[in-house]
$ cat query_21.cif   # mmCIF, C-alpha atoms
data_my_file
loop_
_atom_site.label_atom_id
_atom_site.label_comp_id
_atom_site.auth_asym_id
_atom_site.auth_seq_id
_atom_site.Cartn_x
_atom_site.Cartn_y
_atom_site.Cartn_z
CA ALA U 1 31.71 -34.97 22.75
CA ALA U 2 32.77 -38.59 23.11
CA ASP U 3 29.79 -39.83 21.16
CA LYS U 4 30.49 -37.32 18.40
CA ILE U 5 34.08 -38.52 18.22
CA ARG U 6 32.68 -41.99 17.76
CA LEU U 7 31.15 -40.83 14.47
CA ILE U 8 34.40 -39.72 12.88
CA PRO U 9 36.08 -42.40 10.77
CA GLN U 10 39.58 -43.30 11.97
CA ASP U 11 41.56 -41.79 9.11
CA PHE U 12 39.76 -38.45 9.38
CA PHE U 13 40.29 -38.47 13.15
CA ALA U 14 43.98 -39.12 12.60
CA GLU U 15 44.12 -36.23 10.13
CA LEU U 16 42.45 -33.94 12.62
CA CYS U 17 44.93 -34.90 15.35
CA GLU U 18 47.83 -34.39 12.96
CA GLN U 19 46.64 -30.91 11.98
CA ILE U 20 46.17 -29.98 15.62
CA ILE U 21 49.68 -31.08 16.57
CA GLN U 22 51.17 -29.30 13.57
CA HIS U 23 49.29 -26.14 14.49
CA LEU U 24 50.54 -26.35 18.09
CA ASN U 25 54.01 -26.80 16.65
CA HIS U 26 53.59 -23.68 14.51
CA LYS U 27 54.12 -25.70 11.37
CA ILE U 28 50.74 -24.69 9.97
CA PRO U 29 48.76 -21.53 10.77
CA GLY U 30 45.61 -23.32 11.85
CA VAL U 31 43.26 -26.24 11.55
CA ASN U 32 41.12 -26.23 8.45
CA THR U 33 37.97 -27.42 10.22
CA ALA U 34 35.61 -26.26 7.48
CA GLU U 35 37.43 -28.17 4.78
CA LEU U 36 37.80 -31.30 6.89
CA CYS U 37 34.13 -31.18 7.88
CA GLN U 38 33.16 -30.95 4.22
CA ARG U 39 35.17 -34.05 3.38
CA ILE U 40 33.80 -36.00 6.33
CA GLN U 41 30.26 -35.09 5.30
CA THR U 42 30.96 -36.13 1.72
CA SER U 43 32.02 -39.53 2.97
CA GLY U 44 28.53 -39.92 4.38
CA VAL U 45 29.08 -39.12 8.04
CA GLU U 46 26.63 -36.65 9.57
CA ILE U 47 28.62 -34.25 11.65
CA ASN U 48 28.21 -30.50 11.77
CA ILE U 49 31.02 -27.99 11.85
CA GLY U 50 30.19 -26.80 15.38
CA ASP U 51 30.72 -30.29 16.78
CA LEU U 52 33.92 -30.76 14.83
CA ALA U 53 35.21 -27.41 16.11
CA LYS U 54 34.44 -28.43 19.71
CA ILE U 55 36.26 -31.73 19.26
CA ALA U 56 39.23 -29.89 17.74
CA ASN U 57 39.34 -27.51 20.71
CA ILE U 58 39.21 -30.38 23.21
CA LEU U 59 42.00 -32.25 21.44
CA SER U 60 44.06 -29.07 21.18
CA PHE U 61 43.70 -28.46 24.89
CA LEU U 62 44.56 -32.09 25.61
CA PHE U 63 47.74 -32.00 23.55
CA SER U 64 48.93 -28.61 24.76
CA THR U 65 48.38 -29.58 28.41
CA ALA U 66 50.25 -32.82 27.81
CA ALA U 67 53.10 -30.82 26.24
CA ARG U 68 53.37 -28.48 29.23
CA SER U 69 53.40 -31.39 31.66
CA ASN U 70 55.81 -33.34 29.47
CA LEU U 71 53.66 -36.44 29.42
CA SER U 72 54.67 -39.59 27.60
CA ALA U 73 52.16 -41.38 25.40
CA GLU U 74 51.34 -43.84 28.19
CA GLU U 75 50.81 -41.07 30.74
CA LEU U 76 48.62 -39.22 28.25
CA VAL U 77 46.40 -42.24 27.75
CA THR U 78 46.23 -42.77 31.50
CA THR U 79 45.18 -39.17 31.96
CA LEU U 80 42.41 -39.74 29.50
CA GLY U 81 41.55 -42.41 32.04
CA SER U 82 37.87 -42.40 32.77
CA ALA U 83 37.18 -40.18 29.80
CA GLY U 84 39.23 -42.58 27.72
CA SER U 85 36.90 -45.46 28.47
CA THR U 86 34.01 -43.66 26.81
CA LEU U 87 36.14 -42.89 23.77
CA PRO U 88 36.13 -45.43 20.98
CA LYS U 89 39.22 -47.64 20.99
CA HIS U 90 40.42 -46.42 17.59
CA ALA U 91 40.37 -42.82 18.82
CA VAL U 92 42.56 -43.64 21.82
CA GLN U 93 44.90 -45.55 19.51
CA VAL U 94 45.21 -42.58 17.18
CA ILE U 95 45.84 -40.18 20.06
CA ARG U 96 48.56 -42.41 21.46
CA HIS U 97 50.15 -42.89 18.04
CA VAL U 98 50.13 -39.21 17.08
CA TRP U 99 51.54 -38.27 20.47
CA ASP U 100 54.29 -40.88 20.21
CA GLU U 101 55.34 -39.59 16.81
CA GLN U 102 55.09 -35.85 17.26
CA GLY U 103 54.35 -35.04 20.85
CA LYS U 104 58.00 -34.68 21.83
CA ALA U 105 58.53 -32.05 19.16
CA LEU U 106 56.12 -29.83 21.04
CA ALA U 107 58.85 -28.06 22.94
CA ALA U 108 57.96 -25.36 25.44
CA PRO U 109 56.49 -22.61 23.32
CA GLU U 110 59.08 -19.84 23.46
CA ASP U 111 57.71 -17.95 20.60
CA ALA U 112 56.18 -14.56 20.00
CA ARG U 113 53.64 -16.25 17.79
CA ASN U 114 52.10 -17.87 20.80
CA THR U 115 50.64 -14.65 22.12
CA ALA U 116 47.67 -14.61 19.78
CA THR U 117 44.59 -13.00 21.21
CA VAL U 118 43.07 -12.03 17.90
CA GLY U 119 42.83 -13.82 14.59
CA GLN U 120 46.05 -14.34 12.69
CA PHE U 121 46.18 -13.40 9.05
CA VAL U 122 46.97 -16.42 6.91
CA ASP U 123 46.38 -15.57 3.27
CA MET U 124 44.65 -13.22 0.88
CA LYS U 125 43.02 -14.10 -2.41
CA TRP U 126 41.69 -11.46 -4.76
CA LYS U 127 39.68 -10.83 -7.87
CA LEU U 128 39.22 -7.75 -9.99
CA GLY U 129 35.82 -7.63 -11.68
CA VAL U 130 33.56 -5.36 -13.67
CA ALA U 131 29.81 -5.50 -13.11
CA MET U 132 28.43 -5.12 -16.61
CA SER U 133 24.71 -4.96 -16.02
CA SER U 134 22.10 -5.33 -13.29
CA ASP U 135 18.37 -5.23 -12.85
CA THR U 136 18.58 -1.53 -12.05
CA CYS U 137 21.09 -0.45 -14.64
CA ARG U 138 21.48 -2.02 -18.05
CA SER U 139 24.94 -0.67 -18.69
CA LEU U 140 26.84 -0.52 -15.41
CA LYS U 141 30.51 -1.01 -16.22
CA TYR U 142 31.33 -0.79 -12.55
CA PRO U 143 34.77 -2.07 -11.54
CA TYR U 144 35.28 -3.56 -8.08
CA VAL U 145 37.79 -5.64 -6.16
CA THR U 146 36.78 -8.78 -4.25
CA VAL U 147 39.06 -9.99 -1.49
CA THR U 148 38.96 -13.20 0.56
CA LEU U 149 40.99 -13.12 3.76
CA THR U 150 41.92 -16.44 5.33
CA VAL U 151 42.20 -15.99 9.07
CA ALA U 152 43.15 -18.42 11.86
CA ASP U 153 41.19 -17.52 14.97
CA PRO U 154 42.87 -17.76 18.40
CA SER U 155 41.70 -21.35 18.85
CA GLY U 156 43.34 -22.30 15.58
CA GLN U 157 40.28 -22.69 13.41
CA ILE U 158 40.70 -21.34 9.92
CA THR U 159 37.90 -19.31 8.36
CA ASP U 160 37.47 -17.20 5.27
CA ARG U 161 35.91 -13.73 5.12
CA SER U 162 35.07 -12.21 1.76
CA PHE U 163 34.18 -8.66 0.89
CA GLU U 164 34.06 -6.18 -1.96
CA MET U 165 35.68 -2.79 -2.39
CA THR U 166 35.18 -0.02 -4.88
CA ILE U 167 38.29 1.15 -6.71
CA PRO U 168 38.75 4.30 -4.60
CA GLN U 169 38.35 2.15 -1.48
CA PHE U 170 40.96 -0.24 -2.82
CA LYS U 171 43.42 2.58 -3.42
CA ASN U 172 42.94 3.76 0.14
CA PHE U 173 43.27 0.17 1.39
CA PHE U 174 46.58 -0.19 -0.43
CA ARG U 175 47.84 3.14 0.83
CA GLN U 176 47.05 2.21 4.45
CA PHE U 177 48.92 -1.04 4.12
CA LYS U 178 51.97 0.68 2.71
CA GLU U 179 51.85 3.01 5.68
CA MET U 180 51.54 0.11 8.11
CA ALA U 181 54.54 -1.53 6.48
CA SER U 182 56.64 1.59 6.72
CA VAL U 183 55.73 2.05 10.38
CA LEU U 184 56.66 -1.58 11.05
CA GLU U 185 60.02 -0.93 9.42
CA THR U 186 60.87 2.05 11.53
CA VAL U 187 59.52 0.88 14.87
CA ALA Z 188 0.98 19.47 -7.24
CA PRO Z 189 1.47 22.56 -5.07
CA SER Z 190 4.99 23.54 -6.21
CA LYS Z 191 8.01 22.62 -8.31
CA ASP Z 192 9.88 21.50 -5.23
CA ALA Z 193 7.03 19.20 -4.33
CA VAL Z 194 7.32 17.63 -7.77
CA ARG Z 195 11.07 17.26 -7.34
CA GLN Z 196 10.60 15.65 -3.93
CA LEU Z 197 8.02 13.26 -5.29
CA CYS Z 198 10.24 12.19 -8.17
CA GLN Z 199 13.06 11.37 -5.78
CA GLU Z 200 10.83 9.42 -3.47
CA CYS Z 201 9.34 7.49 -6.34
CA PHE Z 202 12.74 6.52 -7.68
CA CYS Z 203 14.11 5.46 -4.33
CA SER Z 204 11.10 3.49 -3.25
CA PRO Z 205 11.12 -0.23 -3.96
CA PRO Z 206 7.96 -1.44 -5.76
CA ALA Z 207 6.54 -2.86 -2.53
CA ALA Z 208 6.62 0.49 -0.78
CA LEU Z 209 4.80 2.40 -3.52
CA GLY Z 210 1.37 1.85 -1.98
CA PRO Z 211 2.20 3.58 1.30
CA LEU Z 212 4.02 6.30 -0.61
CA ALA Z 213 0.94 6.98 -2.70
CA ARG Z 214 -1.20 7.21 0.42
CA ARG Z 215 1.22 9.73 1.95
CA ALA Z 216 1.53 11.81 -1.22
CA GLY Z 217 -2.15 11.75 -2.23
CA PRO Z 218 -3.48 14.48 0.05
CA GLY Z 219 -0.71 16.92 -0.94
CA LEU Z 220 -1.62 16.49 -4.59
CA ALA Z 221 -5.36 16.83 -4.14
CA ALA Z 222 -5.76 13.50 -5.92
CA SER Z 223 -7.93 10.51 -5.16
CA ALA Z 224 -6.32 7.40 -3.70
CA GLU Z 225 -6.51 5.65 -7.06
CA GLU Z 226 -5.02 8.58 -8.96
CA ALA Z 227 -2.22 8.89 -6.41
CA GLU Z 228 -1.38 5.23 -6.81
CA GLN Z 229 -1.28 5.48 -10.59
CA LEU Z 230 0.83 8.60 -10.43
CA VAL Z 231 3.37 7.20 -8.01
CA SER Z 232 3.62 3.99 -9.97
CA ALA Z 233 4.09 5.85 -13.25
CA LEU Z 234 6.78 8.12 -11.82
CA HIS Z 235 8.57 5.14 -10.31
CA ASN Z 236 8.58 3.30 -13.61
CA LEU Z 237 9.64 6.36 -15.57
CA THR Z 238 12.58 7.24 -13.33
CA ARG Z 239 13.74 3.63 -13.03
CA HIS Z 240 13.49 3.19 -16.79
CA VAL Z 241 15.63 6.25 -17.46
CA VAL Z 242 18.32 4.99 -15.09
CA TYR Z 243 18.16 1.45 -16.43
CA ARG Z 244 18.59 2.54 -20.04
CA GLY Z 245 21.20 5.09 -19.08
CA LEU Z 246 19.42 7.89 -20.92
CA THR Z 247 21.24 11.17 -20.57
CA ARG Z 248 19.77 13.47 -23.16
CA ALA Z 249 16.64 15.57 -22.77
CA GLU Z 250 15.30 14.46 -26.17
CA ASP Z 251 15.47 10.80 -25.16
CA ILE Z 252 13.51 11.46 -22.01
CA LEU Z 253 10.98 13.79 -23.62
CA CYS Z 254 9.99 11.20 -26.17
CA LEU Z 255 9.00 8.82 -23.38
CA PHE Z 256 5.96 10.93 -22.58
CA PRO Z 257 2.64 10.39 -24.39
CA GLU Z 258 1.76 12.87 -27.15
CA ASN Z 259 -0.85 14.96 -25.45
CA PHE Z 260 1.07 15.31 -22.17
CA HIS Z 261 1.05 18.77 -20.61
CA GLN Z 262 4.03 20.59 -22.14
CA ASN Z 263 5.35 22.51 -19.13
CA LEU Z 264 4.95 19.58 -16.82
CA LYS Z 265 6.82 17.39 -19.30
CA ASN Z 266 9.71 19.84 -19.40
CA LEU Z 267 9.79 20.21 -15.63
CA LEU Z 268 9.84 16.48 -15.09
CA THR Z 269 12.58 16.02 -17.68
CA LYS Z 270 14.64 18.74 -16.04
CA ILE Z 271 14.24 17.17 -12.60
CA ILE Z 272 15.17 13.75 -13.92
CA LEU Z 273 18.29 15.05 -15.63
CA GLU Z 274 19.35 16.81 -12.45
CA ASN Z 275 19.12 13.59 -10.51
CA ILE Z 276 20.43 11.10 -13.05
CA SER Z 277 23.98 10.75 -11.83
CA VAL Z 278 22.99 10.51 -8.17
CA TRP Z 279 20.39 7.89 -9.03
CA ARG Z 280 22.85 5.97 -11.14
CA ASN Z 281 25.35 5.88 -8.27
CA GLU Z 282 22.61 4.65 -5.99
CA ALA Z 283 21.77 1.89 -8.44
CA GLN Z 284 25.42 0.89 -8.50
CA ALA Z 285 25.68 0.95 -4.74
CA SER Z 286 22.55 -1.07 -4.20
CA GLN Z 287 23.23 -3.87 -6.66
CA ILE Z 288 23.64 -7.33 -5.19
CA SER Z 289 27.13 -7.93 -4.00
CA LEU Z 290 29.29 -9.65 -1.49
CA PRO Z 291 29.56 -7.90 1.85
CA ARG Z 292 31.29 -4.56 1.49
CA LEU Z 293 34.18 -3.02 3.32
CA VAL Z 294 32.94 0.07 5.12
CA ASP Z 295 35.81 0.99 7.38
CA MET Z 296 39.35 0.10 8.19
CA ASP Z 297 41.41 0.91 11.29
CA TRP Z 298 44.87 -0.19 12.21
CA ARG Z 299 47.49 0.06 14.90
CA VAL Z 300 51.10 -1.01 15.24
CA ASP Z 301 52.02 -2.52 18.60
CA ILE Z 302 55.20 -3.86 20.10
CA LYS Z 303 54.83 -7.03 22.08
CA THR Z 304 57.13 -6.69 25.06
CA SER Z 305 56.25 -9.59 27.29
CA SER Z 306 53.97 -12.59 27.75
CA ASP Z 307 53.39 -15.49 30.10
CA SER Z 308 55.80 -17.60 28.09
CA ILE Z 309 58.41 -15.00 27.14
CA VAL Z 310 59.59 -12.45 29.64
CA ARG Z 311 61.25 -10.00 27.31
CA MET Z 312 60.82 -9.41 23.63
CA ALA Z 313 60.30 -6.56 21.22
CA VAL Z 314 58.16 -7.86 18.42
CA PRO Z 315 56.36 -5.31 16.28
CA THR Z 316 52.97 -6.43 15.15
CA CYS Z 317 50.03 -4.94 13.29
CA LEU Z 318 46.45 -5.03 14.41
CA LEU Z 319 43.94 -4.44 11.70
CA GLN Z 320 40.22 -4.03 12.14
CA LEU Z 321 37.96 -4.22 9.11
CA LYS Z 322 34.32 -3.29 9.33
CA ILE Z 323 32.32 -5.29 6.86
CA GLN Z 324 28.70 -4.63 6.02
CA GLU Z 325 26.54 -7.49 4.90
CA ASP Z 326 24.68 -7.13 1.58
CA ALA Z 327 22.39 -4.14 2.07
CA ALA Z 328 19.69 -5.65 -0.11
CA LEU Z 329 19.38 -8.57 2.25
CA CYS Z 330 19.24 -6.48 5.39
CA GLY Z 331 16.68 -3.89 4.43
CA ASN Z 332 16.99 -0.85 6.64
CA ASN Z 333 19.20 -2.40 9.26
CA PRO Z 334 22.46 -3.40 7.63
CA VAL Z 335 24.54 -5.70 9.74
CA VAL Z 336 28.11 -4.56 10.22
CA SER Z 337 30.60 -7.01 11.60
CA ALA Z 338 34.15 -6.34 12.67
CA LEU Z 339 37.03 -8.56 11.69
CA THR Z 340 40.14 -8.07 13.78
CA VAL Z 341 43.30 -9.57 12.40
CA GLU Z 342 46.91 -9.58 13.52
CA LEU Z 343 49.66 -9.34 10.92
CA SER Z 344 53.35 -9.90 11.35
CA LYS Z 345 55.91 -8.26 9.12
CA GLU Z 346 55.95 -11.36 6.89
CA THR Z 347 52.22 -11.62 6.49
CA LEU Z 348 51.97 -7.89 5.89
CA ASP Z 349 54.50 -8.23 3.08
CA THR Z 350 52.44 -11.07 1.58
CA MET Z 351 49.39 -8.82 1.71
CA LEU Z 352 51.26 -5.93 0.10
CA GLU Z 353 52.47 -8.15 -2.70
CA GLY Z 354 48.92 -9.23 -3.46
CA LEU Z 355 47.63 -5.67 -3.34
CA GLY Z 356 50.45 -4.53 -5.63
CA ARG Z 357 49.37 -7.06 -8.20
CA ILE Z 358 45.80 -5.80 -8.05
CA ARG Z 359 47.12 -2.30 -8.61
CA ASP Z 360 49.13 -3.44 -11.60
CA GLN Z 361 46.08 -5.15 -13.06
CA LEU Z 362 44.01 -2.01 -12.55
CA SER Z 363 46.57 0.10 -14.40
CA ALA Z 364 46.71 -2.43 -17.21
CA VAL Z 365 42.94 -2.37 -17.56
CA ALA Z 366 42.76 1.40 -17.31
CA ASN Z 367 45.27 1.81 -20.10
CA LYS Z 368 43.33 -0.32 -22.56
#
$ encode --input "query_21.cif" --output "C-alpha cells"
Amino acid sequence: AADKIRLIPQDFFAELCEQIIQHLNHKIPGVNTAELCQRIQTSGVEINIGDLAKIANILSFLFSTAARSNLSAEELVTTLGSAGSTLPKHAVQVIRHVWDEQGKALAAPEDARNTATVGQFVDMKWKLGVAMSSDTCRSLKYPYVTVTLTVADPSGQITDRSFEMTIPQFKNFFRQFKEMASVLETV
Amino acid sequence: APSKDAVRQLCQECFCSPPAALGPLARRAGPGLAASAEEAEQLVSALHNLTRHVVYRGLTRAEDILCLFPENFHQNLKNLLTKIILENISVWRNEAQASQISLPRLVDMDWRVDIKTSSDSIVRMAVPTCLLQLKIQEDAALCGNNPVVSALTVELSKETLDTMLEGLGRIRDQLSAVANK
C-alpha cells in the first residue's frame, strides 16, 4: 500500500485523512471514496478505487487505534516507525498534522452509532418517471419510481445503489416504512 | 396444426421467444405441424412478427388485427388467430413493460426493528433501530435466464427513517398530482 500512497498528491491525501477523521468523529456518515477517486483520476493520477479503499481502511484503522491508545502526534509517527520510512515524507507530514489538529477530538466512542455491523443509511434521492415508448411497445405510458440510496458500509465507504419500482411496489414500500416508523415510536 | 390449443400454444411461444431463439423453436414445432423445416421456420417467424407487431402498435380491436392478414388467407384460421391474439394482448403488453430496459428492480423488501441493549463500548443502552433488507434484481435483459439478485442490508435510525419517509411522502404527493391531471 505504501507505494500506492506515494501516487496520491498531497492535497488529496490530506483530504482523505480529514474525511477519515471526521467519519471516526461521527461528523460525517462516511468517506466518499468513489467521489475522491474520480477527482484524483481527473487530475491525471492512475489509481483505482479498490486501492484507494484499502488505503482508507488502513488509515482508518491507524487513527482509531491511535485514539484508543491516546497517542500524541509524535507517538503516532513513531508507531508508524518502520512502516513510516517506506511512506513518502509528505504523507507522514499530513498524518502528523491531521492528528495534531483533530486527533484529540476523537474521544472514546461512547455512542450507539458505533455499533454498526451493516451499512448505515445516509440519504435517498428519487425520481418519478413515465416510460413513453420502447422497442417492444410504441405507446407504453408506464409510470415508475427510481430511487438511489446512499449507504455508508461498516468500514465507512459510501456507495450508491439505484433501483426502480412500479407504482404498486412504491405504495407498498411507503406503507412498510410508515409501519416501521410507528413501531419505532412505540418500542 | 393438430388442434386449437396447439395453435394457441404456438402463438404464445412465438411471441415470447426472442428473435435469436426462433430457429430452435421452429425445429421443435415443425414435427407437430407436419411441416418441412423451411415451412416451420417461416411460420414461426411470421407468427413472431405478427404478435410483436400487434403489441408494439397497441392494437386492441379485432378489425385492426384482421386487416393485417393477406387477402386470400384462410378465413377460419384468420379468425382463430385473431381471437387468440386478443385473448393474450394484455398479458403480452405487461410482459413487454416488464422486460423493457431498466435500472435494477426492487423484488423484495424485509425489515425488522431491534433494540440495541449493549456493545463492547457501551454496557447498557436501549436504542431502537431498524434493519432493512432490499432484494434488488439486476436488469433481466442483461442476465438472460439467470437474473442476479443482490441483497442490500441497511440500518436506519429514527432520524434517517424520518428523512426517508419525508422523501417518500413527496413522491406520493407528486404521484397524486400527476394522477389528477
$ resolve_selection --input "query_21.cif" --expression "the PyMOL selection byres ((chain Z) within 8 of (chain U))" --output "PyMOL selection string"
chain Z and resi 239+242-245+280+283-284+287+289-293+296+298-300+303+306+308-309+312+314-317+323+340-343+345+347-352+354-356+358+361-362
$ residues_around --input "query_21.cif" --residues "Pro189 in chain Z" --least-positions-apart "2" --cutoff "8 Å" --atoms "all atoms listed in the file" --output "VMD selection string"
chain Z and resid 191 193 219 to 220
$ resolve_selection --input "query_21.cif" --expression "the PyMOL selection byres ((chain U and resi 86-99) around 9)" --output "VMD selection string"
chain U and resid 2 to 3 5 to 6 8 10 to 11 13 to 14 17 to 18 21 59 63 72 to 74 76 to 77 80 82 to 85 100 to 104
$ write_last_selection --input "query_21.cif" --atoms "C-alpha atoms" --output "mmCIF file, in the coordinates of the input"
data_model
loop_
_atom_site.group_PDB
_atom_site.id
_atom_site.type_symbol
_atom_site.label_atom_id
_atom_site.label_comp_id
_atom_site.auth_asym_id
_atom_site.auth_seq_id
_atom_site.Cartn_x
_atom_site.Cartn_y
_atom_site.Cartn_z
ATOM 1 C CA ALA U 2 32.770 -38.590 23.110
ATOM 2 C CA ASP U 3 29.790 -39.830 21.160
ATOM 3 C CA ILE U 5 34.080 -38.520 18.220
ATOM 4 C CA ARG U 6 32.680 -41.990 17.760
ATOM 5 C CA ILE U 8 34.400 -39.720 12.880
ATOM 6 C CA GLN U 10 39.580 -43.300 11.970
ATOM 7 C CA ASP U 11 41.560 -41.790 9.110
ATOM 8 C CA PHE U 13 40.290 -38.470 13.150
ATOM 9 C CA ALA U 14 43.980 -39.120 12.600
ATOM 10 C CA CYS U 17 44.930 -34.900 15.350
ATOM 11 C CA GLU U 18 47.830 -34.390 12.960
ATOM 12 C CA ILE U 21 49.680 -31.080 16.570
ATOM 13 C CA LEU U 59 42.000 -32.250 21.440
ATOM 14 C CA PHE U 63 47.740 -32.000 23.550
ATOM 15 C CA SER U 72 54.670 -39.590 27.600
ATOM 16 C CA ALA U 73 52.160 -41.380 25.400
ATOM 17 C CA GLU U 74 51.340 -43.840 28.190
ATOM 18 C CA LEU U 76 48.620 -39.220 28.250
ATOM 19 C CA VAL U 77 46.400 -42.240 27.750
ATOM 20 C CA LEU U 80 42.410 -39.740 29.500
ATOM 21 C CA SER U 82 37.870 -42.400 32.770
ATOM 22 C CA ALA U 83 37.180 -40.180 29.800
ATOM 23 C CA GLY U 84 39.230 -42.580 27.720
ATOM 24 C CA SER U 85 36.900 -45.460 28.470
ATOM 25 C CA ASP U 100 54.290 -40.880 20.210
ATOM 26 C CA GLU U 101 55.340 -39.590 16.810
ATOM 27 C CA GLN U 102 55.090 -35.850 17.260
ATOM 28 C CA GLY U 103 54.350 -35.040 20.850
ATOM 29 C CA LYS U 104 58.000 -34.680 21.830
#
$ closest_residue --input "query_21.cif" --among "Z:Asp326, Z:Ala364, Z:Thr269, Z:Leu255" --to "Ala285 in chain Z" --atoms "all atoms listed in the file"
Z:Asp326
$ atom_distance --input "query_21.cif" --atom1 "CA of Val231 in chain Z" --atom2 "CA of Ala213 in chain Z"
5.8 Å
$ axis_aligned_box --input "query_21.cif" --around "range 16-31 of chain U" --padding-each-side "8 Å" --output "lines of an AutoDock Vina configuration file"
center_x = 48.3
center_y = -28.2
center_z = 14.0
size_x = 27.7
size_y = 29.4
size_z = 24.1
$ residues_around --input "query_21.cif" --residues "Glu250 in chain Z" --least-positions-apart "5" --cutoff "12 Å" --atoms "all atoms listed in the file" --output "list in words"
Val241, Leu255, Phe256, Lys265, Asn266, Thr269, Lys270 and Leu273 of chain Z
$ write_last_selection --input "query_21.cif" --atoms "C-alpha atoms" --output "PDB file, in the coordinates of the input"
ATOM      1  CA  VAL Z 241      15.630   6.250 -17.460  1.00  0.00           C
ATOM      2  CA  LEU Z 255       9.000   8.820 -23.380  1.00  0.00           C
ATOM      3  CA  PHE Z 256       5.960  10.930 -22.580  1.00  0.00           C
ATOM      4  CA  LYS Z 265       6.820  17.390 -19.300  1.00  0.00           C
ATOM      5  CA  ASN Z 266       9.710  19.840 -19.400  1.00  0.00           C
ATOM      6  CA  THR Z 269      12.580  16.020 -17.680  1.00  0.00           C
ATOM      7  CA  LYS Z 270      14.640  18.740 -16.040  1.00  0.00           C
ATOM      8  CA  LEU Z 273      18.290  15.050 -15.630  1.00  0.00           C
TER       9      LEU Z 273
END
$ resolve_selection --input "query_21.cif" --expression "the PyMOL selection byres ((chain Z and resi 229) around 12)" --output "PyMOL selection string"
chain Z and resi 201+209-210+212-214+216-217+222-228+230-236
$ atom_distance --input "query_21.cif" --atom1 "CA of Leu36 in chain U" --atom2 "CA of Ile158 in chain U"
10.8 Å
$ atom_distance --input "query_21.cif" --atom1 "CA of Asp297 in chain Z" --atom2 "CA of Val335 in chain Z"
18.2 Å
$ residues_around --input "query_21.cif" --residues "Gln157 in chain U" --least-positions-apart "2" --cutoff "12 Å" --atoms "all atoms listed in the file" --output "short mmCIF file (atom, residue, chain, number, x, y, z; two decimals) with C-alpha atoms, keeping the file's coordinate frame"
data_model
loop_
_atom_site.label_atom_id
_atom_site.label_comp_id
_atom_site.auth_asym_id
_atom_site.auth_seq_id
_atom_site.Cartn_x
_atom_site.Cartn_y
_atom_site.Cartn_z
CA LEU U 16 42.45 -33.94 12.62
CA GLN U 19 46.64 -30.91 11.98
CA ILE U 20 46.17 -29.98 15.62
CA HIS U 23 49.29 -26.14 14.49
CA LEU U 24 50.54 -26.35 18.09
CA ILE U 28 50.74 -24.69 9.97
CA PRO U 29 48.76 -21.53 10.77
CA GLY U 30 45.61 -23.32 11.85
CA VAL U 31 43.26 -26.24 11.55
CA ASN U 32 41.12 -26.23 8.45
CA THR U 33 37.97 -27.42 10.22
CA ALA U 34 35.61 -26.26 7.48
CA GLU U 35 37.43 -28.17 4.78
CA LEU U 36 37.80 -31.30 6.89
CA CYS U 37 34.13 -31.18 7.88
CA ILE U 49 31.02 -27.99 11.85
CA GLY U 50 30.19 -26.80 15.38
CA LEU U 52 33.92 -30.76 14.83
CA ALA U 53 35.21 -27.41 16.11
CA LYS U 54 34.44 -28.43 19.71
CA ILE U 55 36.26 -31.73 19.26
CA ALA U 56 39.23 -29.89 17.74
CA ASN U 57 39.34 -27.51 20.71
CA SER U 60 44.06 -29.07 21.18
CA VAL U 118 43.07 -12.03 17.90
CA GLY U 119 42.83 -13.82 14.59
CA GLN U 120 46.05 -14.34 12.69
CA PHE U 121 46.18 -13.40 9.05
CA VAL U 122 46.97 -16.42 6.91
CA THR U 150 41.92 -16.44 5.33
CA VAL U 151 42.20 -15.99 9.07
CA ALA U 152 43.15 -18.42 11.86
CA ASP U 153 41.19 -17.52 14.97
CA PRO U 154 42.87 -17.76 18.40
CA SER U 155 41.70 -21.35 18.85
CA THR U 159 37.90 -19.31 8.36
CA ASP U 160 37.47 -17.20 5.27
#
$ build_atoms --input "query_21.cif" --residues "range 227-237 of chain Z" --atoms "N, CA and C atoms" --output "PDB file, in the coordinates of the input"
ATOM      1  N   ALA Z 227      -3.533   8.797  -7.056  1.00  0.00           N
ATOM      2  CA  ALA Z 227      -2.220   8.890  -6.410  1.00  0.00           C
ATOM      3  C   ALA Z 227      -1.406   7.634  -6.689  1.00  0.00           C
ATOM      4  N   GLU Z 228      -2.082   6.487  -6.567  1.00  0.00           N
ATOM      5  CA  GLU Z 228      -1.380   5.230  -6.810  1.00  0.00           C
ATOM      6  C   GLU Z 228      -0.856   5.145  -8.234  1.00  0.00           C
ATOM      7  N   GLN Z 229      -1.697   5.538  -9.182  1.00  0.00           N
ATOM      8  CA  GLN Z 229      -1.280   5.480 -10.590  1.00  0.00           C
ATOM      9  C   GLN Z 229      -0.109   6.400 -10.831  1.00  0.00           C
ATOM     10  N   LEU Z 230      -0.207   7.597 -10.230  1.00  0.00           N
ATOM     11  CA  LEU Z 230       0.830   8.600 -10.430  1.00  0.00           C
ATOM     12  C   LEU Z 230       2.168   8.124  -9.894  1.00  0.00           C
ATOM     13  N   VAL Z 231       2.135   7.657  -8.658  1.00  0.00           N
ATOM     14  CA  VAL Z 231       3.370   7.200  -8.010  1.00  0.00           C
ATOM     15  C   VAL Z 231       3.990   6.051  -8.795  1.00  0.00           C
ATOM     16  N   SER Z 232       3.132   5.146  -9.211  1.00  0.00           N
ATOM     17  CA  SER Z 232       3.620   3.990  -9.970  1.00  0.00           C
ATOM     18  C   SER Z 232       4.252   4.432 -11.281  1.00  0.00           C
ATOM     19  N   ALA Z 233       3.576   5.372 -11.958  1.00  0.00           N
ATOM     20  CA  ALA Z 233       4.090   5.850 -13.250  1.00  0.00           C
ATOM     21  C   ALA Z 233       5.432   6.552 -13.071  1.00  0.00           C
ATOM     22  N   LEU Z 234       5.525   7.403 -12.062  1.00  0.00           N
ATOM     23  CA  LEU Z 234       6.780   8.120 -11.820  1.00  0.00           C
ATOM     24  C   LEU Z 234       7.913   7.151 -11.491  1.00  0.00           C
ATOM     25  N   HIS Z 235       7.579   6.152 -10.678  1.00  0.00           N
ATOM     26  CA  HIS Z 235       8.570   5.140 -10.310  1.00  0.00           C
ATOM     27  C   HIS Z 235       9.100   4.445 -11.559  1.00  0.00           C
ATOM     28  N   ASN Z 236       8.160   4.004 -12.402  1.00  0.00           N
ATOM     29  CA  ASN Z 236       8.580   3.300 -13.610  1.00  0.00           C
ATOM     30  C   ASN Z 236       9.384   4.191 -14.542  1.00  0.00           C
ATOM     31  N   LEU Z 237       8.946   5.438 -14.672  1.00  0.00           N
ATOM     32  CA  LEU Z 237       9.640   6.360 -15.570  1.00  0.00           C
ATOM     33  C   LEU Z 237      11.075   6.584 -15.111  1.00  0.00           C
TER      34      LEU Z 237
END
